[in-house]
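Some notes on the structure that comes next.
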Amino acid sequence: MVFRYNYVTSDIGHVQTKGRSRAKFNGKIFVIVNSDLQLQDRELKNIIRVEMMNKVVKSIADSTLVNQKAFDDRILMEQKNDQKERQREKDRARITKANKVEKSGVVLHCIKCFKESCCLDDIRSIRNQHHVVTSDLFLDKMKLIDLKKQPIIDGFTHQQKIHCGNCQHKWGTMVVYQQQELPLIAIKNFTLKDDKGKKWFPKAWKDVPFVISSIDMDDLGKQNNFSEAENPEGSQQEKGEIEEDDGLIEYPNIMQIEE
C-alpha cells in the first residue's frame with residue numbers, strides 16, 4: 001500500500017503513483033489529508049481528469065483502427081502547426097527583447113497595496129530567466145515565512161516565502177544561489193512606475209519593456225546582509241502547516257484509491 005500524507009500532486013502524478021503501487025503494492029493508495037488544506041477536492045478532480053483522459057485515449061485508439069493513414073496525416077499536420085507556433089513565439093520574444101530600453105527611476109510597488117518595494121535598478125537577472133533583488137533595503141519591505149520543505153529547483157534552494165510587509169501579499173521566494181541568499185521575485189506581483197507617474201502591469205518578466213542587467217560577482221558579494229538578516233515572525237505557523245510537536249492530530253478525511 002502507498003500512503004500519502006497531506007500530499008496531492010497533479011493528475012500526472014496521480015497516474016504515476018498508481019503505476020508504482022500497481023507494480024509493488026497491489027494497486028492500493030491511501031491519501032490522508034487535513035480538512036483545512038482542501039486537498040481532498042484536488043484529489044477528486046485528479047480522479048475525474050484521469051477518467052476523462054482514459055476515455056480520450058480509448059477514442060483515439062479506436063479511430064486509428066478505422067483509417068490509419070488519415071490518423072497519421074492528422075498527427076503530422078498538428079505537429080507542423082505546433083512547430084510553426086513555437087517558432088512564432090521565439091520570433092516575438094526576440095523582437096520584444098530587441099525593443100527593450102535602458103531606463104532609470106522605475107520603482108516596483110506591491111500590486112495589492114501599492115507600497116513601494118524596490119527599484120528596477122536593484123534587480124538582476126540570472127540566466128535571463130530568474131530575477132533577484134540585490135539591495136538590502138528590500139529586507140525592510142518584506143516579511144519572511146519559513147517553508148516546511150526546502151526544494152531545489154533549477155539550481156535554487158527555496159528556503160522562505162517572501163510576502164509584502166504591509167499587506168502580506170506574496171512577492172516571491174528567498175532562495176540560495178551560489179551559497180548566497182537572494183530574494184527571487186515574480187513581477188506579476190508588482191506594478192512598475194516611473195518618475196513621471198506612468199505605470200506598467202507586466203504579467204511576466206519578458207513583458208517588462210526595460211533592460212535588466214545580469215548578475216555578476218560584485219552583486220553576489222553584496223548579499224551577506226541577506227544571510228545575516230533575522231526574521232522576527234519567521235517562527236509563525238502558516239495556516240495548514242503542521243509542526244512536528246503538535247502532538248496527536250486526528251484526520252477524518254482518508255481517501256482510498258484502488259485500481
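All residue names refer to the C-alpha cells as shown: chains lettered A, B, ... in order, residues numbered from 1 in each chain, ligands numbered from 1 in order.
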Who sits within 9 Å of Glu102 of chain A, only C-alpha atoms, same chain under 2 positions skipped, as JSON, numbers by chain:
{"A": [100, 104, 209, 210, 211, 212]}
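Residues of segment 37-123 of chain A assigned to strand (DSSP E or B) by DSSP on this structure's backbone: Val101, Val107, Leu108, His109, Cys110, Glu116, Ser117, Cys118, Cys119 and Ile123 of chain A.
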So that I have them on file, write out the residues from the current selection with C-alpha atoms, as a CSV table (one decimal), in the first residue's frame.
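Generated output (again_36.csv):
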chain,number,residue,atom,x,y,z
A,101,VAL,CA,15.3,50.2,-23.5
A,107,VAL,CA,10.1,51.7,-8.9
A,108,LEU,CA,8.3,48.5,-8.1
A,109,HIS,CA,5.2,48.7,-6.0
A,110,CYS,CA,3.2,45.9,-4.4
A,116,GLU,CA,7.0,50.8,-2.6
A,117,SER,CA,9.2,47.8,-2.6
A,118,CYS,CA,12.4,48.4,-4.6
A,119,CYS,CA,13.9,50.0,-7.7
A,123,ILE,CA,17.1,43.9,-9.8
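If you measure from each of A:Asn46, A:Gln159, A:Ser214, A:Thr191 to Val175 of chain A using only C-alpha atoms, the closest one turns out to be A:Gln159.
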Where does segment 76-140 of chain A meet segment 144-149 of chain A within 12 Å, residue by residue, with the nearest atom pair and distance in Å to one decimal for each, counting only C-alpha atoms, listed by chain and rising number, as CSV?
residue,atom,partner,partner_atom,distance
A:Phe138,CA,A:Leu144,CA,11.7
A:Leu139,CA,A:Leu144,CA,9.2
A:Asp140,CA,A:Leu144,CA,10.7
Could you write those residues out with N, CA, C and O atoms, as a JSON list (two decimals), in the first residue's frame?
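This is the output file result-v1.json:
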[["chain", "number", "residue", "atom", "x", "y", "z"],
["A", 138, "PHE", "N", 15.60, 46.16, 0.63],
["A", 138, "PHE", "CA", 14.40, 45.37, 0.34],
["A", 138, "PHE", "C", 13.97, 44.56, 1.57],
["A", 138, "PHE", "O", 12.80, 44.22, 1.72],
["A", 139, "LEU", "N", 14.94, 44.26, 2.45],
["A", 139, "LEU", "CA", 14.64, 43.49, 3.65],
["A", 139, "LEU", "C", 13.61, 44.18, 4.53],
["A", 139, "LEU", "O", 12.79, 43.53, 5.18],
["A", 140, "ASP", "N", 13.66, 45.51, 4.57],
["A", 140, "ASP", "CA", 12.75, 46.25, 5.43],
["A", 140, "ASP", "C", 11.33, 46.28, 4.88],
["A", 140, "ASP", "O", 10.39, 46.66, 5.60]]
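Every protein, DNA or RNA residue with an atom at most 8 Å from Gly172 of chain A, where only C-alpha atoms count and chain neighbours fewer than 5 positions away do not, is listed here: Lys161, Ile162, His163, Pro183, Leu184, Ile185 and Ala186 of chain A.
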What would the file look like if the residues just selected were written as a tab-separated table (two decimals), in the first residue's frame with N, CA, C and O atoms?
chain	number	residue	atom	x	y	z
A	161	LYS	N	9.21	31.91	1.99
A	161	LYS	CA	8.33	32.69	1.13
A	161	LYS	C	8.45	34.16	1.49
A	161	LYS	O	8.56	34.52	2.66
A	162	ILE	N	8.44	35.00	0.47
A	162	ILE	CA	8.54	36.44	0.66
A	162	ILE	C	7.15	37.06	0.49
A	162	ILE	O	6.50	36.86	-0.54
A	163	HIS	N	6.71	37.80	1.49
A	163	HIS	CA	5.43	38.49	1.44
A	163	HIS	C	5.63	39.98	1.66
A	163	HIS	O	6.63	40.40	2.26
A	183	PRO	N	16.58	37.31	-2.70
A	183	PRO	CA	15.12	37.37	-2.86
A	183	PRO	C	14.75	37.20	-4.34
A	183	PRO	O	15.06	38.07	-5.16
A	184	LEU	N	14.11	36.11	-4.66
A	184	LEU	CA	13.66	35.82	-6.02
A	184	LEU	C	12.20	36.26	-6.12
A	184	LEU	O	11.34	35.75	-5.40
A	185	ILE	N	11.90	37.22	-6.99
A	185	ILE	CA	10.55	37.79	-7.04
A	185	ILE	C	9.88	37.52	-8.38
A	185	ILE	O	10.54	37.34	-9.40
A	186	ALA	N	8.55	37.52	-8.36
A	186	ALA	CA	7.73	37.36	-9.57
A	186	ALA	C	7.15	38.73	-9.91
A	186	ALA	O	6.47	39.35	-9.09
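The smallest atom-to-atom distance between Ala98 of chain A and any of A:Lys206, A:Asp195, A:Gln179, A:Val57, using only C-alpha atoms, is found for A:Lys206.
Ranking A:Leu182, A:Ile187, A:Leu192, A:Met52 by their shortest atom-to-atom distance to Lys115 of chain A, with only C-alpha atoms included, puts A:Leu192 first.
The space separating atom CA of Lys193 of chain A from atom CA of Ile215 of chain A comes to 22.7 Å.
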When DSSP is applied to the backbone of this structure, which of segment 49-196 of chain A are assigned alpha helix (DSSP H)? Write them out as number ranges by chain.
A: 49-66, 68-98
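Distances to Arg42 of chain A were evaluated for A:Gln87, A:Ser63, A:Ser10, A:Asn128 using only C-alpha atoms, and the minimum falls at A:Ser10.
For the residues A:His130, A:Lys112, A:Arg92, A:Lys198, ranking by smallest atom-to-atom distance to Ser213 of chain A using only C-alpha atoms places A:His130 first.
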Which residue of A:Thr173, A:Gln180, A:Asn189, A:Gln83 approaches Phe114 of chain A most closely, using only C-alpha atoms
A:Asn189
